[in-house]
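Structure record follows, encoded as C-alpha coordinates.
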Amino acid sequence: MPGAAPVSRCRWVNEHNPLYVCYHDTEWGVPYREDAYLYEMLVLESFVAGLSWECVLNKRAAFRAAFADFQVEKVAQFAEKEVDALMQNTGIIRHRGKIEAAITNSRVFLQIQAEFGSFAAYVAAFVGGEPLYEPYHERTSSPVSDAISRDLKRRGMRFVGSVTMYSWMQAVGLIQAHGPECYLHAAGQGNEP
(Lines give C-alpha, C1' and ligand atoms only; values in the text may rest on other atoms or scores of the structure.)
Protein backbone atom coordinates (compact mmCIF):
# COMPACT_ATOMS: atom_id res chain seq x y z
CA MET A 1 0.00 0.00 0.00
CA PRO A 2 1.60 3.33 -1.07
CA GLY A 3 2.56 5.53 1.84
CA ALA A 4 2.24 2.72 4.38
CA ALA A 5 4.84 2.67 7.12
CA PRO A 6 7.45 -0.09 6.74
CA VAL A 7 6.93 -3.15 8.89
CA SER A 8 9.71 -4.28 11.19
CA ARG A 9 10.21 -8.05 11.20
CA CYS A 10 12.56 -10.51 12.86
CA ARG A 11 16.07 -9.87 11.54
CA TRP A 12 16.36 -13.38 10.04
CA VAL A 13 13.67 -12.67 7.42
CA ASN A 14 14.94 -12.10 3.87
CA GLU A 15 12.78 -9.10 2.97
CA HIS A 16 13.57 -9.65 -0.73
CA ASN A 17 11.84 -13.04 -0.78
CA PRO A 18 8.03 -12.59 -0.74
CA LEU A 19 7.57 -16.27 0.13
CA TYR A 20 9.78 -15.87 3.20
CA VAL A 21 8.04 -12.65 4.27
CA CYS A 22 4.62 -14.30 3.94
CA TYR A 23 5.83 -17.33 5.92
CA HIS A 24 7.10 -15.10 8.73
CA ASP A 25 4.01 -12.89 8.79
CA THR A 26 1.30 -15.55 8.61
CA GLU A 27 2.75 -18.86 9.69
CA TRP A 28 5.96 -18.86 11.75
CA GLY A 29 5.23 -19.06 15.45
CA VAL A 30 1.47 -19.36 15.09
CA PRO A 31 0.35 -22.04 17.54
CA TYR A 32 -0.73 -24.93 15.34
CA ARG A 33 -2.28 -27.93 17.00
CA GLU A 34 -3.37 -29.96 13.98
CA ASP A 35 -1.30 -33.04 13.37
CA ALA A 36 -1.26 -32.58 9.58
CA TYR A 37 0.58 -29.28 9.92
CA LEU A 38 2.88 -30.53 12.68
CA TYR A 39 3.80 -33.45 10.42
CA GLU A 40 4.45 -31.27 7.36
CA MET A 41 6.74 -29.00 9.34
CA LEU A 42 8.52 -31.99 10.90
CA VAL A 43 9.30 -33.39 7.45
CA LEU A 44 10.46 -30.01 6.14
CA GLU A 45 12.60 -29.23 9.19
CA SER A 46 14.30 -32.62 8.89
CA PHE A 47 15.53 -31.57 5.44
CA VAL A 48 17.10 -28.34 6.74
CA ALA A 49 20.11 -30.03 8.40
CA GLY A 50 23.19 -28.48 6.78
CA LEU A 51 21.06 -26.06 4.74
CA SER A 52 18.92 -23.00 5.38
CA TRP A 53 15.21 -22.86 6.11
CA GLU A 54 14.82 -20.47 3.18
CA CYS A 55 16.21 -23.13 0.82
CA VAL A 56 13.66 -25.67 2.04
CA LEU A 57 10.82 -23.12 2.09
CA ASN A 58 11.52 -22.23 -1.55
CA LYS A 59 11.06 -25.92 -2.42
CA ARG A 60 7.98 -26.43 -0.24
CA ALA A 61 5.50 -26.79 -3.11
CA ALA A 62 7.71 -29.42 -4.75
CA PHE A 63 8.07 -31.24 -1.42
CA ARG A 64 4.31 -31.18 -0.99
CA ALA A 65 3.80 -32.76 -4.41
CA ALA A 66 6.60 -35.29 -3.90
CA PHE A 67 5.44 -36.33 -0.43
CA ALA A 68 1.76 -37.00 -1.21
CA ASP A 69 0.57 -33.60 0.04
CA PHE A 70 2.13 -34.54 3.39
CA GLN A 71 -0.44 -37.23 4.06
CA VAL A 72 1.40 -39.17 6.73
CA GLU A 73 -0.41 -42.45 6.05
CA LYS A 74 0.66 -42.38 2.38
CA VAL A 75 4.26 -41.40 3.05
CA ALA A 76 4.54 -44.13 5.69
CA GLN A 77 3.84 -46.65 2.92
CA PHE A 78 6.57 -45.39 0.59
CA ALA A 79 9.02 -48.12 -0.43
CA GLU A 80 12.30 -48.30 -2.34
CA LYS A 81 10.67 -47.38 -5.67
CA GLU A 82 9.36 -44.13 -4.17
CA VAL A 83 12.79 -43.40 -2.68
CA ASP A 84 14.37 -43.94 -6.11
CA ALA A 85 11.79 -41.63 -7.72
CA LEU A 86 12.37 -38.95 -5.07
CA MET A 87 16.12 -39.17 -5.69
CA GLN A 88 15.41 -38.16 -9.31
CA ASN A 89 13.12 -35.26 -8.34
CA THR A 90 15.07 -32.05 -8.98
CA GLY A 91 12.45 -29.95 -7.21
CA ILE A 92 13.34 -31.27 -3.74
CA ILE A 93 16.51 -31.84 -1.76
CA ARG A 94 17.81 -35.17 -3.02
CA HIS A 95 19.49 -36.63 0.03
CA ARG A 96 18.80 -40.35 0.35
CA GLY A 97 19.30 -40.40 4.11
CA LYS A 98 16.83 -37.56 4.65
CA ILE A 99 14.29 -39.09 2.26
CA GLU A 100 14.50 -42.46 3.97
CA ALA A 101 14.29 -40.75 7.37
CA ALA A 102 11.11 -38.90 6.30
CA ILE A 103 9.50 -42.26 5.52
CA THR A 104 10.67 -43.88 8.75
CA ASN A 105 9.65 -40.80 10.73
CA SER A 106 6.18 -41.01 9.18
CA ARG A 107 5.75 -44.51 10.56
CA VAL A 108 6.91 -43.40 14.00
CA PHE A 109 4.59 -40.38 13.79
CA LEU A 110 1.65 -42.74 13.26
CA GLN A 111 2.74 -44.86 16.22
CA ILE A 112 2.88 -41.75 18.42
CA GLN A 113 -0.60 -40.73 17.25
CA ALA A 114 -1.91 -44.17 18.16
CA GLU A 115 -0.28 -44.05 21.58
CA PHE A 116 -1.18 -40.47 22.57
CA GLY A 117 -4.31 -39.81 20.53
CA SER A 118 -2.49 -37.15 18.51
CA PHE A 119 1.01 -35.92 17.87
CA ALA A 120 -0.10 -32.53 19.21
CA ALA A 121 -0.96 -34.12 22.57
CA TYR A 122 2.42 -35.86 22.62
CA VAL A 123 4.44 -32.66 22.12
CA ALA A 124 2.17 -30.50 24.30
CA ALA A 125 3.19 -32.60 27.28
CA PHE A 126 6.80 -31.45 26.85
CA VAL A 127 5.81 -27.78 27.27
CA GLY A 128 3.07 -28.23 29.85
CA GLY A 129 0.38 -27.51 27.28
CA GLU A 130 1.37 -23.84 26.88
CA PRO A 131 3.82 -22.14 24.49
CA LEU A 132 7.21 -21.18 25.85
CA TYR A 133 8.41 -17.58 25.36
CA GLU A 134 11.94 -17.04 24.10
CA PRO A 135 13.16 -14.63 21.38
CA TYR A 136 14.70 -16.42 18.39
CA HIS A 137 18.19 -15.04 19.03
CA GLU A 138 18.45 -16.46 22.58
CA ARG A 139 19.73 -19.93 21.62
CA THR A 140 19.38 -22.77 19.11
CA SER A 141 18.40 -25.60 21.43
CA SER A 142 17.03 -26.04 24.93
CA PRO A 143 16.43 -28.70 27.56
CA VAL A 144 12.92 -29.13 26.11
CA SER A 145 14.16 -29.62 22.53
CA ASP A 146 16.81 -31.98 23.93
CA ALA A 147 14.07 -34.04 25.60
CA ILE A 148 11.83 -34.16 22.51
CA SER A 149 14.77 -35.06 20.29
CA ARG A 150 15.95 -37.78 22.65
CA ASP A 151 12.49 -39.32 22.87
CA LEU A 152 11.85 -39.21 19.11
CA LYS A 153 15.22 -40.83 18.46
CA ARG A 154 14.46 -43.50 21.06
CA ARG A 155 11.27 -44.22 19.12
CA GLY A 156 13.23 -44.54 15.87
CA MET A 157 13.10 -41.12 14.20
CA ARG A 158 16.15 -39.66 12.46
CA PHE A 159 17.26 -36.14 11.51
CA VAL A 160 15.44 -34.85 14.59
CA GLY A 161 18.37 -33.50 16.60
CA SER A 162 17.86 -30.92 19.32
CA VAL A 163 18.59 -27.94 17.04
CA THR A 164 16.13 -29.26 14.44
CA MET A 165 13.48 -29.79 17.08
CA TYR A 166 14.05 -26.35 18.58
CA SER A 167 13.58 -24.78 15.15
CA TRP A 168 10.47 -26.91 14.62
CA MET A 169 9.10 -25.80 18.01
CA GLN A 170 9.55 -22.17 16.98
CA ALA A 171 7.93 -22.77 13.60
CA VAL A 172 4.79 -24.41 15.00
CA GLY A 173 4.37 -22.02 17.92
CA LEU A 174 5.45 -24.27 20.78
CA ILE A 175 7.98 -21.51 21.35
CA GLN A 176 6.85 -17.92 20.81
CA ALA A 177 10.08 -16.55 19.39
CA HIS A 178 9.46 -13.28 17.52
CA GLY A 179 12.21 -10.87 18.50
CA PRO A 180 11.64 -7.50 20.17
CA GLU A 181 12.33 -5.74 16.85
CA CYS A 182 9.39 -7.54 15.21
CA TYR A 183 5.87 -6.16 14.90
CA LEU A 184 4.50 -9.60 15.85
CA HIS A 185 6.41 -9.46 19.13
CA ALA A 186 4.71 -6.19 19.91
CA ALA A 187 1.38 -7.71 18.88
CA GLY A 188 1.74 -10.35 21.56
CA GLN A 189 3.06 -13.27 19.56
CA GLY A 190 6.47 -13.03 21.17
CA ASN A 191 5.85 -11.26 24.44
CA GLU A 192 6.43 -12.98 27.71
CA PRO A 193 3.19 -13.58 29.63
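Ligands are numbered from 1 in the order shown, chains are lettered A, B, ... in the order of the C-alpha coordinates, and residues start at 1 in each chain.
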
Residues of segment 127-179 of chain A within 9 Å of segment 6-18 of chain A: nearest atom pair and distance (Å, one decimal) for each, counting only C-alpha atoms, sorted by chain and number, as a Markdown table?
| residue | atom | partner | partner_atom | distance |
| --- | --- | --- | --- | --- |
| A:Tyr136 | CA | A:Cys10 | CA | 8.4 |
| A:His178 | CA | A:Cys10 | CA | 6.2 |
| A:Gly179 | CA | A:Cys10 | CA | 5.7 |

Neighbour list for Ala66 of chain A as an mmCIF file with N, CA and C atoms, in the first residue's frame, cut-off 10 Å, only C-alpha atoms, skip fewer than 3 positions in-chain:
data_model
loop_
_atom_site.group_PDB
_atom_site.id
_atom_site.type_symbol
_atom_site.label_atom_id
_atom_site.label_comp_id
_atom_site.auth_asym_id
_atom_site.auth_seq_id
_atom_site.Cartn_x
_atom_site.Cartn_y
_atom_site.Cartn_z
ATOM 1 N N ARG A 60 9.106 -25.857 -0.972
ATOM 2 C CA ARG A 60 7.980 -26.431 -0.237
ATOM 3 C C ARG A 60 6.900 -27.003 -1.154
ATOM 4 N N ALA A 61 6.537 -26.296 -2.198
ATOM 5 C CA ALA A 61 5.497 -26.789 -3.111
ATOM 6 C C ALA A 61 5.933 -28.096 -3.762
ATOM 7 N N ALA A 62 7.200 -28.185 -4.141
ATOM 8 C CA ALA A 62 7.713 -29.421 -4.746
ATOM 9 C C ALA A 62 7.735 -30.547 -3.716
ATOM 10 N N PHE A 63 8.109 -30.233 -2.485
ATOM 11 C CA PHE A 63 8.070 -31.237 -1.416
ATOM 12 C C PHE A 63 6.649 -31.734 -1.209
ATOM 13 N N ASP A 69 1.236 -34.690 -0.682
ATOM 14 C CA ASP A 69 0.568 -33.604 0.044
ATOM 15 C C ASP A 69 0.717 -33.747 1.559
ATOM 16 N N PHE A 70 1.829 -34.327 1.976
ATOM 17 C CA PHE A 70 2.134 -34.537 3.389
ATOM 18 C C PHE A 70 1.040 -35.330 4.110
ATOM 19 N N VAL A 75 2.792 -41.429 3.015
ATOM 20 C CA VAL A 75 4.256 -41.399 3.050
ATOM 21 C C VAL A 75 4.798 -42.588 3.835
ATOM 22 N N GLU A 82 9.649 -45.540 -4.418
ATOM 23 C CA GLU A 82 9.362 -44.131 -4.168
ATOM 24 C C GLU A 82 10.640 -43.380 -3.794
ATOM 25 N N ALA A 85 12.446 -42.711 -6.970
ATOM 26 C CA ALA A 85 11.789 -41.631 -7.725
ATOM 27 C C ALA A 85 12.094 -40.272 -7.086
ATOM 28 N N LEU A 86 12.073 -40.213 -5.758
ATOM 29 C CA LEU A 86 12.368 -38.954 -5.071
ATOM 30 C C LEU A 86 13.814 -38.525 -5.305
ATOM 31 N N ASN A 89 13.957 -36.455 -8.342
ATOM 32 C CA ASN A 89 13.118 -35.261 -8.344
ATOM 33 C C ASN A 89 13.979 -34.025 -8.083
ATOM 34 N N GLY A 91 13.138 -31.011 -7.933
ATOM 35 C CA GLY A 91 12.451 -29.950 -7.207
ATOM 36 C C GLY A 91 12.662 -29.982 -5.705
ATOM 37 N N ILE A 92 13.139 -31.126 -5.189
ATOM 38 C CA ILE A 92 13.341 -31.268 -3.744
ATOM 39 C C ILE A 92 14.825 -31.427 -3.440
#

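Restricting the calculation to only C-alpha atoms, the smallest distance between Ile93 of chain A and any of A:Asn105, A:Ser118, A:Ser46, A:Gln77 is found for A:Ser46.
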
Practice prompt. Just the alpha helix (DSSP H) stuff from segment 50-120 of chain A, please, per backbone DSSP, written as an NGL selection string.
Written response: :A and (53-58 or 60-66 or 72-75 or 80-87 or 96-116 or 119-120)

Take the residues that were just selected and, keeping N, CA and C atoms, output them as a short mmCIF file (atom, residue, chain, number, x, y, z; two decimals), in the first residue's frame.
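And here is the file that came out, result.cif:
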data_model
loop_
_atom_site.label_atom_id
_atom_site.label_comp_id
_atom_site.auth_asym_id
_atom_site.auth_seq_id
_atom_site.Cartn_x
_atom_site.Cartn_y
_atom_site.Cartn_z
N TRP A 53 16.66 -22.71 6.19
CA TRP A 53 15.21 -22.86 6.11
C TRP A 53 14.69 -22.24 4.82
N GLU A 54 15.28 -21.14 4.40
CA GLU A 54 14.82 -20.47 3.18
C GLU A 54 14.95 -21.40 1.98
N CYS A 55 16.02 -22.17 1.91
CA CYS A 55 16.21 -23.13 0.82
C CYS A 55 15.07 -24.14 0.80
N VAL A 56 14.73 -24.67 1.95
CA VAL A 56 13.66 -25.67 2.04
C VAL A 56 12.31 -25.01 1.75
N LEU A 57 12.08 -23.84 2.31
CA LEU A 57 10.82 -23.12 2.09
C LEU A 57 10.59 -22.86 0.60
N ASN A 58 11.65 -22.49 -0.11
CA ASN A 58 11.52 -22.23 -1.55
C ASN A 58 11.13 -23.48 -2.33
N ARG A 60 9.11 -25.86 -0.97
CA ARG A 60 7.98 -26.43 -0.24
C ARG A 60 6.90 -27.00 -1.15
N ALA A 61 6.54 -26.30 -2.20
CA ALA A 61 5.50 -26.79 -3.11
C ALA A 61 5.93 -28.10 -3.76
N ALA A 62 7.20 -28.18 -4.14
CA ALA A 62 7.71 -29.42 -4.75
C ALA A 62 7.73 -30.55 -3.72
N PHE A 63 8.11 -30.23 -2.49
CA PHE A 63 8.07 -31.24 -1.42
C PHE A 63 6.65 -31.73 -1.21
N ARG A 64 5.71 -30.80 -1.21
CA ARG A 64 4.31 -31.18 -0.99
C ARG A 64 3.85 -32.16 -2.07
N ALA A 65 4.18 -31.87 -3.31
CA ALA A 65 3.80 -32.76 -4.41
C ALA A 65 4.52 -34.11 -4.30
N ALA A 66 5.80 -34.07 -3.96
CA ALA A 66 6.60 -35.29 -3.90
C ALA A 66 6.22 -36.19 -2.72
N VAL A 72 0.48 -38.30 6.00
CA VAL A 72 1.40 -39.17 6.73
C VAL A 72 1.15 -40.64 6.43
N GLU A 73 -0.11 -41.04 6.30
CA GLU A 73 -0.41 -42.45 6.05
C GLU A 73 0.16 -42.91 4.71
N LYS A 74 0.12 -42.03 3.71
CA LYS A 74 0.66 -42.38 2.38
C LYS A 74 2.17 -42.43 2.40
N VAL A 75 2.79 -41.43 3.01
CA VAL A 75 4.26 -41.40 3.05
C VAL A 75 4.80 -42.59 3.84
N GLU A 80 11.07 -48.62 -1.61
CA GLU A 80 12.30 -48.30 -2.34
C GLU A 80 12.03 -47.62 -3.68
N LYS A 81 10.95 -48.01 -4.37
CA LYS A 81 10.67 -47.38 -5.67
C LYS A 81 10.35 -45.90 -5.51
N GLU A 82 9.65 -45.54 -4.42
CA GLU A 82 9.36 -44.13 -4.17
C GLU A 82 10.64 -43.38 -3.79
N VAL A 83 11.51 -44.03 -3.02
CA VAL A 83 12.79 -43.40 -2.68
C VAL A 83 13.58 -43.13 -3.95
N ASP A 84 13.64 -44.11 -4.85
CA ASP A 84 14.37 -43.94 -6.11
C ASP A 84 13.78 -42.80 -6.93
N ALA A 85 12.45 -42.71 -6.97
CA ALA A 85 11.79 -41.63 -7.72
C ALA A 85 12.09 -40.27 -7.09
N LEU A 86 12.07 -40.21 -5.76
CA LEU A 86 12.37 -38.95 -5.07
C LEU A 86 13.81 -38.53 -5.31
N MET A 87 14.71 -39.48 -5.42
CA MET A 87 16.12 -39.17 -5.69
C MET A 87 16.30 -38.55 -7.08
N ARG A 96 19.41 -39.05 0.08
CA ARG A 96 18.80 -40.35 0.35
C ARG A 96 18.54 -40.56 1.84
N GLY A 97 19.48 -40.20 2.67
CA GLY A 97 19.30 -40.40 4.11
C GLY A 97 18.11 -39.62 4.65
N LYS A 98 17.95 -38.38 4.18
CA LYS A 98 16.83 -37.56 4.65
C LYS A 98 15.50 -38.08 4.09
N ILE A 99 15.51 -38.52 2.86
CA ILE A 99 14.29 -39.09 2.26
C ILE A 99 13.87 -40.34 3.01
N GLU A 100 14.82 -41.23 3.24
CA GLU A 100 14.50 -42.46 3.97
C GLU A 100 14.06 -42.15 5.40
N ALA A 101 14.68 -41.14 6.02
CA ALA A 101 14.29 -40.75 7.37
C ALA A 101 12.86 -40.21 7.38
N ALA A 102 12.48 -39.44 6.36
CA ALA A 102 11.11 -38.90 6.30
C ALA A 102 10.09 -40.04 6.28
N ILE A 103 10.41 -41.11 5.59
CA ILE A 103 9.50 -42.26 5.52
C ILE A 103 9.44 -42.97 6.87
N THR A 104 10.61 -43.24 7.43
CA THR A 104 10.67 -43.88 8.75
C THR A 104 9.98 -43.02 9.79
N ASN A 105 10.25 -41.71 9.75
CA ASN A 105 9.65 -40.80 10.73
C ASN A 105 8.14 -40.77 10.60
N SER A 106 7.63 -40.96 9.39
CA SER A 106 6.18 -41.01 9.18
C SER A 106 5.57 -42.20 9.92
N ARG A 107 6.25 -43.32 9.87
CA ARG A 107 5.75 -44.51 10.56
C ARG A 107 5.76 -44.31 12.07
N VAL A 108 6.82 -43.68 12.57
CA VAL A 108 6.91 -43.40 14.00
C VAL A 108 5.84 -42.37 14.40
N PHE A 109 5.63 -41.39 13.55
CA PHE A 109 4.59 -40.38 13.79
C PHE A 109 3.24 -41.05 14.00
N LEU A 110 2.92 -42.01 13.14
CA LEU A 110 1.65 -42.74 13.26
C LEU A 110 1.59 -43.53 14.56
N GLN A 111 2.70 -44.12 14.96
CA GLN A 111 2.74 -44.86 16.22
C GLN A 111 2.49 -43.93 17.41
N ILE A 112 3.08 -42.73 17.35
CA ILE A 112 2.88 -41.75 18.42
C ILE A 112 1.41 -41.31 18.46
N GLN A 113 0.82 -41.08 17.29
CA GLN A 113 -0.60 -40.73 17.25
C GLN A 113 -1.45 -41.82 17.90
N ALA A 114 -1.14 -43.06 17.59
CA ALA A 114 -1.91 -44.17 18.16
C ALA A 114 -1.74 -44.24 19.67
N GLU A 115 -0.55 -43.96 20.15
CA GLU A 115 -0.28 -44.05 21.58
C GLU A 115 -0.86 -42.89 22.38
N PHE A 116 -0.79 -41.67 21.82
CA PHE A 116 -1.18 -40.47 22.57
C PHE A 116 -2.49 -39.85 22.11
N PHE A 119 -0.36 -36.37 17.71
CA PHE A 119 1.01 -35.92 17.87
C PHE A 119 1.03 -34.62 18.67
N ALA A 120 0.00 -33.79 18.47
CA ALA A 120 -0.10 -32.53 19.21
C ALA A 120 -0.14 -32.78 20.72
#

Worksheet item: So what do you get for atom CA of Gln71 of chain A versus atom CA of Ala36 of chain A, distance-wise?
Response: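 For atom CA of Gln71 of chain A relative to atom CA of Ala36 of chain A, the distance reads 7.3 Å.
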
Worksheet item: How many Å lie between atom CA of Ala177 of chain A and atom CA of Glu134 of chain A, rounded to one decimal?
Response: 5.1 Å

Practice prompt. Could you check which of A:Val48, A:Val30, A:Leu42, A:Leu19 is closest to Leu184 of chain A, using only C-alpha atoms?
Written response: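 For Leu184 of chain A, the nearest of the given residues is A:Val30.
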
Discussion item. With only C-alpha atoms as the counted atoms, please give the residues lying no more than 9 Å from Leu174 of chain A, apart from itself and same-chain residues fewer than 3 positions off, as a ChimeraX atom specification.
Written reply: /A:29-32,123-124,127,129-133,168-171

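Here atom CA of His137 of chain A stands at a distance of 12.1 Å from atom CA of Tyr166 of chain A.
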
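Remark: for Asp35 of chain A, the closest of the candidate residues A:Val160, A:Cys182, A:Ala79, A:Val172 is A:Val172 (distances computed over only C-alpha atoms).
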